Amino acid sequence: MANAKTLLNLSVTAALALGAAAVHAQKGETVKIGWVDPLTGLMAPVGQNQIKSFQFVAEHFNKSNPAGVKFEMVPIDNKLSPQESTTAVKSLIDQGVRYIVQGNGSGAALAIMDALAKHNERNPGKEVVYLNYAAVDPDLTNSKCSYWHYRLDADTSMKMEALTSWVKDQADIKKIYLINQNYAHGHQVSRFGKEILARKRPDIQIVGDDLHPLAQVRDFAPYIAKIKASGADTVLTGNWGSDLTLLIKAANDQGLNVKFLTYYAGVTGTPTALGAAAEGRVYVVAYAHSNMPGEVGKLGDAFKAKFNDDYYTFATYSAFAMLSTAMAQAKTTDPAKVAATMEGLKFKSFNGEVEMRKGDHQLQQALFVTVWKKTDAKHPYSVENTGYGFQPVKAYDAYVASTPTSCQMKRP
């Protein structure tokens, strides 16, 4: 029979073994992530680039991440439709997927938030978490905020704060024409553009404010004619995908020689439309740019070498960095525990330490204003193999663009 000392040693050894097992409970586990965005229609090129980006960065993190997990993407085409997004969420949940990512369209984002709020309330212990990597309607982290929703992109108002901080010092900008897509994001760009410019540059005239259907306009020539007639020296737009590509193409075709202040000029198809004609005139406000240094810059080069395409949705990196850090700290992949850990989480992403603000689940990070210019030794990255790229003209720390929140978070 073992003596008391032996039994004590065995107990201690067993306890240590259990503790070690708990620390690495998630190691080697495969975490499926559902991707819900367009793979067909006018915005298909954007979605195709972004699913490739998620799969590529998942492979990168699968080599090494704090939690030791393996990430696997499960894509579903939502055709840019809120209704299709809800159907996709149900399908993913039926497949056992517990994490969902989406970014193209705030209407689809809201549909996913509503679907998950209902599912999680009815199915305790089977919760699903939503990481939003590009839907930027401020309401998603304000009046419509949800505990299960975490936004990795900067919202429309945050980007407008940074962009207008730059505009404030540009004396040659005097007349701005607003043109945006007729849905939540476009409405917010128009609203915040007017409100914040009135505060920072009350002398600037708003000489036009157009809204057009999302992903339906094939010829922007009539809009460009209106902009030319207005006498605008600058166009401010939140357009993305085909709606920005075709707008820029029409501007070049009609010789509209004005500045374009944009959110998404780096998205698939638009850089090629910019070409040499747009050099020094097209600006972007974003949380990253095509000449980012360090690990993510090397990732971009590897992505280009593999796909002959550009890696521009850098929030994919933040998604895996945040998830793996939270899973390591929570010592589990259980979404309910990981969600609780992500609240207020500070983690290292491609742009330094960032924070997922607890009050509204809005990531706090630096923002950049960049301009379209010919590549040079300091900024060598050629976007869409054009010989041009987006070069930084101003960087803003997170606090500059951080906006207050009205979110009244209902926690489980």
# chains A, B, ... in the order shown; residues from 1 in each chain; ligands from 1
call {"tool": "residues_around", "arguments": {"residues": "A:Met160", "least_positions_apart": "6", "cutoff": "8 Å", "atoms": "only C-alpha atoms", "output": "VMD selection string"}}
result
chain A and resid 189 192 to 193 196 401
call {"tool": "residues_around", "arguments": {"residues": "stretch 210-218 of chain A", "least_positions_apart": "3", "cutoff": "7 Å", "atoms": "only C-alpha atoms", "output": "list in words"}}
result
Leu42, Leu178, Ile179, Asn180, Gln181, Asn182, Ser242, Asp243 and Leu246 of chain A
call {"tool": "atom_distance", "arguments": {"atom1": "atom CA of A:Asp172", "atom2": "atom CA of A:Tyr287"}}
result
25.3 Å
call {"tool": "select_by_dssp", "arguments": {"residues": "stretch 185-303 of chain A", "states": "strand (DSSP E)", "output": "PDB file with N, CA, C and O atoms, in the first residue's frame"}}
result
ATOM      1  N   GLN A 205     -17.903  74.861 -48.768  1.00  0.00           N
ATOM      2  CA  GLN A 205     -19.267  74.738 -49.297  1.00  0.00           C
ATOM      3  C   GLN A 205     -19.536  73.295 -49.720  1.00  0.00           C
ATOM      4  O   GLN A 205     -18.703  72.670 -50.374  1.00  0.00           O
ATOM      5  N   ILE A 206     -20.703  72.776 -49.339  1.00  0.00           N
ATOM      6  CA  ILE A 206     -21.163  71.493 -49.859  1.00  0.00           C
ATOM      7  C   ILE A 206     -22.005  71.819 -51.097  1.00  0.00           C
ATOM      8  O   ILE A 206     -23.106  72.368 -50.988  1.00  0.00           O
ATOM      9  N   VAL A 207     -21.478  71.501 -52.289  1.00  0.00           N
ATOM     10  CA  VAL A 207     -22.136  71.936 -53.530  1.00  0.00           C
ATOM     11  C   VAL A 207     -22.940  70.827 -54.199  1.00  0.00           C
ATOM     12  O   VAL A 207     -23.503  71.018 -55.278  1.00  0.00           O
ATOM     13  N   GLY A 208     -23.017  69.664 -53.546  1.00  0.00           N
ATOM     14  CA  GLY A 208     -23.831  68.559 -54.063  1.00  0.00           C
ATOM     15  C   GLY A 208     -23.860  67.425 -53.067  1.00  0.00           C
ATOM     16  O   GLY A 208     -22.915  67.255 -52.276  1.00  0.00           O
ATOM     17  N   ASP A 209     -24.958  66.678 -53.073  1.00  0.00           N
ATOM     18  CA  ASP A 209     -25.108  65.573 -52.116  1.00  0.00           C
ATOM     19  C   ASP A 209     -26.013  64.506 -52.751  1.00  0.00           C
ATOM     20  O   ASP A 209     -27.224  64.529 -52.585  1.00  0.00           O
ATOM     21  N   ASP A 210     -25.408  63.590 -53.515  1.00  0.00           N
ATOM     22  CA  ASP A 210     -26.166  62.578 -54.253  1.00  0.00           C
ATOM     23  C   ASP A 210     -26.089  61.208 -53.593  1.00  0.00           C
ATOM     24  O   ASP A 210     -25.044  60.830 -53.036  1.00  0.00           O
ATOM     25  N   LEU A 211     -27.198  60.472 -53.687  1.00  0.00           N
ATOM     26  CA  LEU A 211     -27.247  59.067 -53.292  1.00  0.00           C
ATOM     27  C   LEU A 211     -27.710  58.267 -54.513  1.00  0.00           C
ATOM     28  O   LEU A 211     -28.631  58.676 -55.210  1.00  0.00           O
ATOM     29  N   HIS A 212     -27.071  57.142 -54.763  1.00  0.00           N
ATOM     30  CA  HIS A 212     -27.439  56.301 -55.913  1.00  0.00           C
ATOM     31  C   HIS A 212     -27.593  54.848 -55.458  1.00  0.00           C
ATOM     32  O   HIS A 212     -27.067  54.463 -54.408  1.00  0.00           O
ATOM     33  N   THR A 234     -13.452  69.124 -55.015  1.00  0.00           N
ATOM     34  CA  THR A 234     -13.209  67.870 -54.293  1.00  0.00           C
ATOM     35  C   THR A 234     -14.490  67.037 -54.252  1.00  0.00           C
ATOM     36  O   THR A 234     -15.578  67.588 -54.060  1.00  0.00           O
ATOM     37  N   VAL A 235     -14.332  65.728 -54.422  1.00  0.00           N
ATOM     38  CA  VAL A 235     -15.441  64.783 -54.261  1.00  0.00           C
ATOM     39  C   VAL A 235     -15.169  63.943 -53.019  1.00  0.00           C
ATOM     40  O   VAL A 235     -14.059  63.426 -52.844  1.00  0.00           O
ATOM     41  N   LEU A 236     -16.167  63.814 -52.152  1.00  0.00           N
ATOM     42  CA  LEU A 236     -16.064  62.984 -50.956  1.00  0.00           C
ATOM     43  C   LEU A 236     -17.034  61.820 -51.106  1.00  0.00           C
ATOM     44  O   LEU A 236     -18.244  62.027 -51.271  1.00  0.00           O
ATOM     45  N   THR A 237     -16.514  60.583 -51.074  1.00  0.00           N
ATOM     46  CA  THR A 237     -17.368  59.425 -51.298  1.00  0.00           C
ATOM     47  C   THR A 237     -16.973  58.223 -50.439  1.00  0.00           C
ATOM     48  O   THR A 237     -15.789  57.970 -50.225  1.00  0.00           O
ATOM     49  N   LYS A 259      -9.928  66.571 -56.639  1.00  0.00           N
ATOM     50  CA  LYS A 259      -9.509  65.604 -55.630  1.00  0.00           C
ATOM     51  C   LYS A 259     -10.666  64.632 -55.339  1.00  0.00           C
ATOM     52  O   LYS A 259     -11.830  65.034 -55.333  1.00  0.00           O
ATOM     53  N   PHE A 260     -10.338  63.389 -55.075  1.00  0.00           N
ATOM     54  CA  PHE A 260     -11.298  62.410 -54.580  1.00  0.00           C
ATOM     55  C   PHE A 260     -10.862  61.983 -53.184  1.00  0.00           C
ATOM     56  O   PHE A 260      -9.747  61.487 -53.002  1.00  0.00           O
ATOM     57  N   LEU A 261     -11.722  62.204 -52.200  1.00  0.00           N
ATOM     58  CA  LEU A 261     -11.474  61.735 -50.831  1.00  0.00           C
ATOM     59  C   LEU A 261     -12.326  60.489 -50.637  1.00  0.00           C
ATOM     60  O   LEU A 261     -13.553  60.565 -50.683  1.00  0.00           O
ATOM     61  N   THR A 262     -11.684  59.342 -50.446  1.00  0.00           N
ATOM     62  CA  THR A 262     -12.394  58.065 -50.449  1.00  0.00           C
ATOM     63  C   THR A 262     -12.101  57.235 -49.204  1.00  0.00           C
ATOM     64  O   THR A 262     -11.149  57.501 -48.467  1.00  0.00           O
ATOM     65  N   VAL A 282      -6.208  61.260 -55.690  1.00  0.00           N
ATOM     66  CA  VAL A 282      -7.118  60.347 -54.985  1.00  0.00           C
ATOM     67  C   VAL A 282      -6.517  59.967 -53.633  1.00  0.00           C
ATOM     68  O   VAL A 282      -5.394  59.455 -53.551  1.00  0.00           O
ATOM     69  N   TYR A 283      -7.311  60.215 -52.593  1.00  0.00           N
ATOM     70  CA  TYR A 283      -6.880  59.963 -51.216  1.00  0.00           C
ATOM     71  C   TYR A 283      -7.764  58.891 -50.583  1.00  0.00           C
ATOM     72  O   TYR A 283      -8.926  58.728 -50.948  1.00  0.00           O
ATOM     73  N   VAL A 284      -7.183  58.184 -49.630  1.00  0.00           N
ATOM     74  CA  VAL A 284      -7.920  57.145 -48.898  1.00  0.00           C
ATOM     75  C   VAL A 284      -7.702  57.344 -47.409  1.00  0.00           C
ATOM     76  O   VAL A 284      -6.571  57.646 -46.975  1.00  0.00           O
ATOM     77  N   VAL A 285      -8.758  57.175 -46.624  1.00  0.00           N
ATOM     78  CA  VAL A 285      -8.604  57.104 -45.174  1.00  0.00           C
ATOM     79  C   VAL A 285      -8.906  55.670 -44.759  1.00  0.00           C
ATOM     80  O   VAL A 285      -9.918  55.094 -45.160  1.00  0.00           O
ATOM     81  N   ALA A 286      -7.993  55.056 -43.998  1.00  0.00           N
ATOM     82  CA  ALA A 286      -8.140  53.642 -43.636  1.00  0.00           C
ATOM     83  C   ALA A 286      -7.236  53.317 -42.446  1.00  0.00           C
ATOM     84  O   ALA A 286      -6.404  54.140 -42.041  1.00  0.00           O
TER      85      ALA A 286
END
call {"tool": "select_by_dssp", "arguments": {"residues": "stretch 142-198 of chain A", "states": "alpha helix (DSSP H)", "output": "number ranges by chain"}}
result
A: 156-167, 184-198
call {"tool": "closest_residue", "arguments": {"among": "A:Asn104, A:Ser349, A:Ser81, A:Ser402", "to": "A:Ala319", "atoms": "only C-alpha atoms"}}
result
A:Ser349
call {"tool": "closest_atom_pairs", "arguments": {"of": "stretch 41-126 of chain A", "to": "stretch 132-141 of chain A", "cutoff": "9 Å", "atoms": "only C-alpha atoms", "output": "CSV"}}
result
residue,atom,partner,partner_atom,distance
A:Ile100,CA,A:Asn132,CA,8.4
A:Val101,CA,A:Asn132,CA,5.7
A:Gln102,CA,A:Asn132,CA,5.3
A:Gly103,CA,A:Ala134,CA,4.0
A:Asn104,CA,A:Ala135,CA,5.8
A:Gly105,CA,A:Ala135,CA,5.5
A:Ser106,CA,A:Ala135,CA,4.9
A:Gly107,CA,A:Ala135,CA,8.5
A:Ala108,CA,A:Ala135,CA,8.5
A:Ala109,CA,A:Ala135,CA,6.5
A:Leu110,CA,A:Leu140,CA,7.2
A:Met113,CA,A:Leu140,CA,8.8
call {"tool": "closest_residue", "arguments": {"among": "A:Gly294, A:Pro380, A:Gly300, A:Pro75", "to": "A:Lys32", "atoms": "only C-alpha atoms"}}
result
A:Pro75
call {"tool": "closest_residue", "arguments": {"among": "A:Thr375, A:Ser324, A:Thr40, A:Gln50", "to": "A:Val267", "atoms": "only C-alpha atoms"}}
result
A:Gln50
call {"tool": "atom_distance", "arguments": {"atom1": "atom CA of A:Met327", "atom2": "atom CA of A:Phe54"}}
result
18.4 Å
call {"tool": "closest_atom_pairs", "arguments": {"of": "stretch 145-188 of chain A", "to": "stretch 365-374 of chain A", "cutoff": "10 Å", "atoms": "only C-alpha atoms", "output": "Markdown table"}}
result
| residue | atom | partner | partner_atom | distance |
| --- | --- | --- | --- | --- |
| A:Leu152 | CA | A:Gln365 | CA | 9.1 |
| A:Asp153 | CA | A:Gln365 | CA | 8.8 |
| A:Ala154 | CA | A:Gln365 | CA | 7.6 |
| A:Met158 | CA | A:Leu367 | CA | 8.7 |
| A:Lys159 | CA | A:Leu367 | CA | 7.4 |
| A:Glu161 | CA | A:Leu367 | CA | 9.9 |
| A:Ala162 | CA | A:Leu367 | CA | 6.9 |
| A:Leu163 | CA | A:Val369 | CA | 6.7 |
| A:Ser165 | CA | A:Val369 | CA | 9.9 |
| A:Trp166 | CA | A:Val369 | CA | 7.7 |
call {"tool": "write_last_selection", "arguments": {"atoms": "N, CA and C atoms", "output": "compact mmCIF listing (two decimals), in the first residue's frame"}}
result
# COMPACT_ATOMS: atom_id res chain seq x y z
N LEU A 152 -13.86 45.08 -36.29
CA LEU A 152 -12.42 45.19 -36.46
C LEU A 152 -12.01 46.36 -37.34
N ASP A 153 -12.93 46.88 -38.13
CA ASP A 153 -12.67 48.06 -38.97
C ASP A 153 -13.03 49.31 -38.16
N ALA A 154 -12.50 50.45 -38.58
CA ALA A 154 -12.92 51.73 -37.97
C ALA A 154 -14.24 52.14 -38.61
N MET A 158 -15.44 57.47 -37.35
CA MET A 158 -14.02 57.49 -36.96
C MET A 158 -13.15 57.88 -38.14
N LYS A 159 -13.43 57.27 -39.30
CA LYS A 159 -12.66 57.60 -40.49
C LYS A 159 -12.88 59.06 -40.90
N GLU A 161 -13.56 61.53 -38.89
CA GLU A 161 -12.80 62.36 -37.95
C GLU A 161 -11.35 62.51 -38.41
N ALA A 162 -10.73 61.39 -38.80
CA ALA A 162 -9.34 61.44 -39.25
C ALA A 162 -9.22 62.19 -40.57
N LEU A 163 -10.10 61.88 -41.52
CA LEU A 163 -10.03 62.50 -42.84
C LEU A 163 -10.22 64.01 -42.75
N SER A 165 -9.67 65.88 -40.19
CA SER A 165 -8.52 66.48 -39.50
C SER A 165 -7.44 66.85 -40.51
N TRP A 166 -7.33 66.03 -41.57
CA TRP A 166 -6.39 66.34 -42.65
C TRP A 166 -6.95 67.46 -43.53
call {"tool": "closest_residue", "arguments": {"among": "A:Ser53, A:Pro124, A:Ile204, A:Val167", "to": "A:Val296", "atoms": "only C-alpha atoms"}}
result
A:Ser53
